[in-house]
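Inspection log for the structure reproduced underneath, given as structure tokens.
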Amino acid sequence: MKVKVFKIRLPEEFLYKDQKMLDDFLETNEIIKVETAFVSEDRYWSVILYFDNQKVVKNTVVKEPKLIKYSAENEALNPDEEKILDALKLWRSEKAREQNLPTYFIASNKELVSVAKYKPARKEELLEIKGFGKHKIENYGEEILEILENV
């Protein structure tokens with residue numbers, strides 16, 4: 001496992017560039033854990049990413065083996081699952097706005113699609129979804145389960 005630290009500065013002149021660097025990194029690495037902290041005096045978010053090592057074998061990326069968690073990223077959604085996904089995205093947007101965070105800090109689209117497909121009923125079941133760890137479940141698990149119950 002490796003660690004990478006990003007600084008997401010809030011002034012608009014830096015924000016989009018910093019977020020783009022983080023987005024690019026997230027697209028090309030398997031993230032295991034994320035920690036964030038807001039540094040109020042300098043107005044930036046510190047983002048610590050723990051990620052898997054990657055090896056290149058004949059121009060092909062081979063990831064280190066790890067526990068497999070449920071991920072529905074390549075599965076089509078039925079109409080009921082689309083409603084759940086829409087409700088989860090709305091919740092995520094509101095939560096990100098409340099906490100002054102980018103939406104992907106709350107949950108990625110892939111994670112929300114997996115929740116919509118898997119429909120966990122308990123916090124323990126959220127652990128089975130790729131991208132959901134102890135921290136995310138402690139912060140958002142109850143709200144996600146409530147959305148699933150009400151949609």
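Identifiers in the structure tokens: chain A, B, ... in order shown; residue index from 1 per chain; ligand index from 1 in order shown.
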
Just asking: which residues within chain A are alpha helix (DSSP H) according to DSSP, as number ranges by chain?
A: 12-28, 79-99, 103-106, 109-118, 123-126, 134-150

Spatial neighbours of range 87-99 of chain A, max dist 10 Å, only C-alpha atoms, sep filter under 4 positions, as a ChimeraX atom specification:
/A:81-83,103-109,112-113,115-116,140,143-144,147-148,150-151

Given only C-alpha atoms as the counted atoms, nearest of A:Asp42, A:Asp24, A:Glu12, A:Glu111 to Lys136 in chain A
A:Glu111

So the first atom is CA of Trp45 in chain A and the second is CA of Ile8 in chain A; what is the distance between them in Å, to one decimal place?
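About the pair CA of Trp45 in chain A and CA of Ile8 in chain A: they are 4.9 Å apart.
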
Spatial neighbours of Glu27 in chain A, max dist 12 Å, only C-alpha atoms, sep filter under 5 positions, as a CSV table (one decimal) with N, CA, C and O atoms, in the first residue's frame:
```csv
chain,number,residue,atom,x,y,z
A,20,LYS,N,-8.7,18.7,-10.4
A,20,LYS,CA,-8.3,17.9,-11.6
A,20,LYS,C,-7.2,16.9,-11.4
A,20,LYS,O,-7.3,15.8,-11.8
A,21,MET,N,-6.2,17.4,-10.6
A,21,MET,CA,-5.1,16.5,-10.3
A,21,MET,C,-5.6,15.3,-9.4
A,21,MET,O,-5.2,14.2,-9.7
A,22,LEU,N,-6.4,15.6,-8.5
A,22,LEU,CA,-7.0,14.6,-7.6
A,22,LEU,C,-7.8,13.6,-8.4
A,22,LEU,O,-7.7,12.4,-8.3
A,51,PHE,N,-3.5,3.8,-1.3
A,51,PHE,CA,-3.9,3.1,-2.6
A,51,PHE,C,-3.0,1.9,-2.8
A,51,PHE,O,-1.9,1.8,-2.2
A,104,TYR,N,-17.5,14.0,-4.8
A,104,TYR,CA,-16.8,12.7,-4.7
A,104,TYR,C,-16.1,12.4,-3.4
A,104,TYR,O,-15.7,11.3,-3.1
A,108,SER,N,-18.5,8.3,-4.6
A,108,SER,CA,-18.4,8.4,-6.1
A,108,SER,C,-19.7,7.9,-6.7
A,108,SER,O,-20.5,7.2,-6.1
A,110,LYS,N,-19.8,5.5,-8.9
A,110,LYS,CA,-19.7,4.0,-8.9
A,110,LYS,C,-20.2,3.5,-7.6
A,110,LYS,O,-20.9,2.5,-7.5
```

Under the rule that only C-alpha atoms are counted, which of A:Leu101, A:Asp18, A:Asn139, A:Ser114 is the nearest residue to Ala76 in chain A?
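Among the listed residues, the smallest separation from Ala76 in chain A belongs to A:Ser114.
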
Selected residue of minimal separation from Lys117 in chain A among A:Asp80, A:Pro11, A:Tyr50, A:Gly133, counting only C-alpha atoms:
A:Asp80

Could you pull out all residues of range 10-142 of chain A with a DSSP call of strand (DSSP E) and give them as a PyMOL selection string?
chain A and resi 31-39+44-51+54-57+60-63

Residues near Lys7 in chain A, cut-off 10 Å, only C-alpha atoms, skip fewer than 4 positions along chain, as a ChimeraX atom specification:
/A:14-15,18-19,21-22,36-39,44-48

Would you output that residue set with C-alpha atoms, as a tab-separated table (two decimals), in the first residue's frame?
```
chain	number	residue	atom	x	y	z
A	14	PHE	CA	-6.36	26.91	-7.65
A	15	LEU	CA	-9.49	24.88	-6.90
A	18	ASP	CA	-6.14	20.92	-7.68
A	19	GLN	CA	-9.37	18.97	-8.12
A	21	MET	CA	-5.05	16.51	-10.30
A	22	LEU	CA	-6.97	14.58	-7.63
A	36	THR	CA	-9.41	14.53	4.85
A	37	ALA	CA	-8.73	17.52	7.07
A	38	PHE	CA	-9.56	21.17	6.59
A	39	VAL	CA	-6.79	23.66	7.32
A	44	TYR	CA	-7.39	24.25	1.96
A	45	TRP	CA	-8.36	20.60	2.27
A	46	SER	CA	-5.65	18.07	2.91
A	47	VAL	CA	-6.53	14.76	1.26
A	48	ILE	CA	-4.59	11.63	2.17
```

If you count only C-alpha atoms, which residues fall within 10 Å of Leu145 in chain A, apart from same-chain ones fewer than 4 positions away, as a PDB file with N, CA, C and O atoms, in the first residue's frame?
```
ATOM      1  N   VAL A 115     -24.672   0.894  -4.404  1.00  0.00           N
ATOM      2  CA  VAL A 115     -25.674   0.944  -3.326  1.00  0.00           C
ATOM      3  C   VAL A 115     -27.069   0.734  -3.914  1.00  0.00           C
ATOM      4  O   VAL A 115     -27.876  -0.035  -3.368  1.00  0.00           O
ATOM      5  N   LYS A 119     -28.651  -2.623  -2.543  1.00  0.00           N
ATOM      6  CA  LYS A 119     -29.689  -2.263  -1.574  1.00  0.00           C
ATOM      7  C   LYS A 119     -29.408  -2.821  -0.176  1.00  0.00           C
ATOM      8  O   LYS A 119     -30.187  -3.613   0.356  1.00  0.00           O
ATOM      9  N   PRO A 120     -28.312  -2.413   0.444  1.00  0.00           N
ATOM     10  CA  PRO A 120     -28.022  -2.907   1.798  1.00  0.00           C
ATOM     11  C   PRO A 120     -29.092  -2.444   2.786  1.00  0.00           C
ATOM     12  O   PRO A 120     -29.646  -1.353   2.647  1.00  0.00           O
ATOM     13  N   ALA A 121     -29.372  -3.275   3.784  1.00  0.00           N
ATOM     14  CA  ALA A 121     -30.383  -2.945   4.786  1.00  0.00           C
ATOM     15  C   ALA A 121     -29.745  -2.591   6.131  1.00  0.00           C
ATOM     16  O   ALA A 121     -30.409  -2.054   7.005  1.00  0.00           O
ATOM     17  N   ARG A 122     -28.473  -2.928   6.301  1.00  0.00           N
ATOM     18  CA  ARG A 122     -27.774  -2.668   7.565  1.00  0.00           C
ATOM     19  C   ARG A 122     -26.401  -2.079   7.255  1.00  0.00           C
ATOM     20  O   ARG A 122     -25.849  -2.286   6.184  1.00  0.00           O
ATOM     21  N   LYS A 123     -25.847  -1.377   8.243  1.00  0.00           N
ATOM     22  CA  LYS A 123     -24.524  -0.772   8.060  1.00  0.00           C
ATOM     23  C   LYS A 123     -23.476  -1.817   7.703  1.00  0.00           C
ATOM     24  O   LYS A 123     -22.588  -1.560   6.891  1.00  0.00           O
ATOM     25  N   LEU A 126     -23.138  -2.394   4.120  1.00  0.00           N
ATOM     26  CA  LEU A 126     -22.439  -1.339   3.372  1.00  0.00           C
ATOM     27  C   LEU A 126     -20.949  -1.649   3.254  1.00  0.00           C
ATOM     28  O   LEU A 126     -20.314  -1.284   2.273  1.00  0.00           O
ATOM     29  N   TYR A 140     -21.981   8.544   7.047  1.00  0.00           N
ATOM     30  CA  TYR A 140     -23.105   8.628   6.125  1.00  0.00           C
ATOM     31  C   TYR A 140     -24.006   7.397   6.091  1.00  0.00           C
ATOM     32  O   TYR A 140     -25.046   7.418   5.437  1.00  0.00           O
ATOM     33  N   GLY A 141     -23.633   6.340   6.772  1.00  0.00           N
ATOM     34  CA  GLY A 141     -24.365   5.070   6.692  1.00  0.00           C
ATOM     35  C   GLY A 141     -25.834   5.172   7.036  1.00  0.00           C
ATOM     36  O   GLY A 141     -26.697   4.681   6.288  1.00  0.00           O
ATOM     37  N   GLU A 149     -34.661   3.007   2.490  1.00  0.00           N
ATOM     38  CA  GLU A 149     -35.954   2.629   3.072  1.00  0.00           C
ATOM     39  C   GLU A 149     -37.097   3.449   2.509  1.00  0.00           C
ATOM     40  O   GLU A 149     -38.215   2.961   2.372  1.00  0.00           O
ATOM     41  N   ASN A 150     -36.832   4.722   2.195  1.00  0.00           N
ATOM     42  CA  ASN A 150     -37.894   5.654   1.822  1.00  0.00           C
ATOM     43  C   ASN A 150     -38.143   5.791   0.329  1.00  0.00           C
ATOM     44  O   ASN A 150     -39.110   6.438  -0.069  1.00  0.00           O
TER      45      ASN A 150
END
```
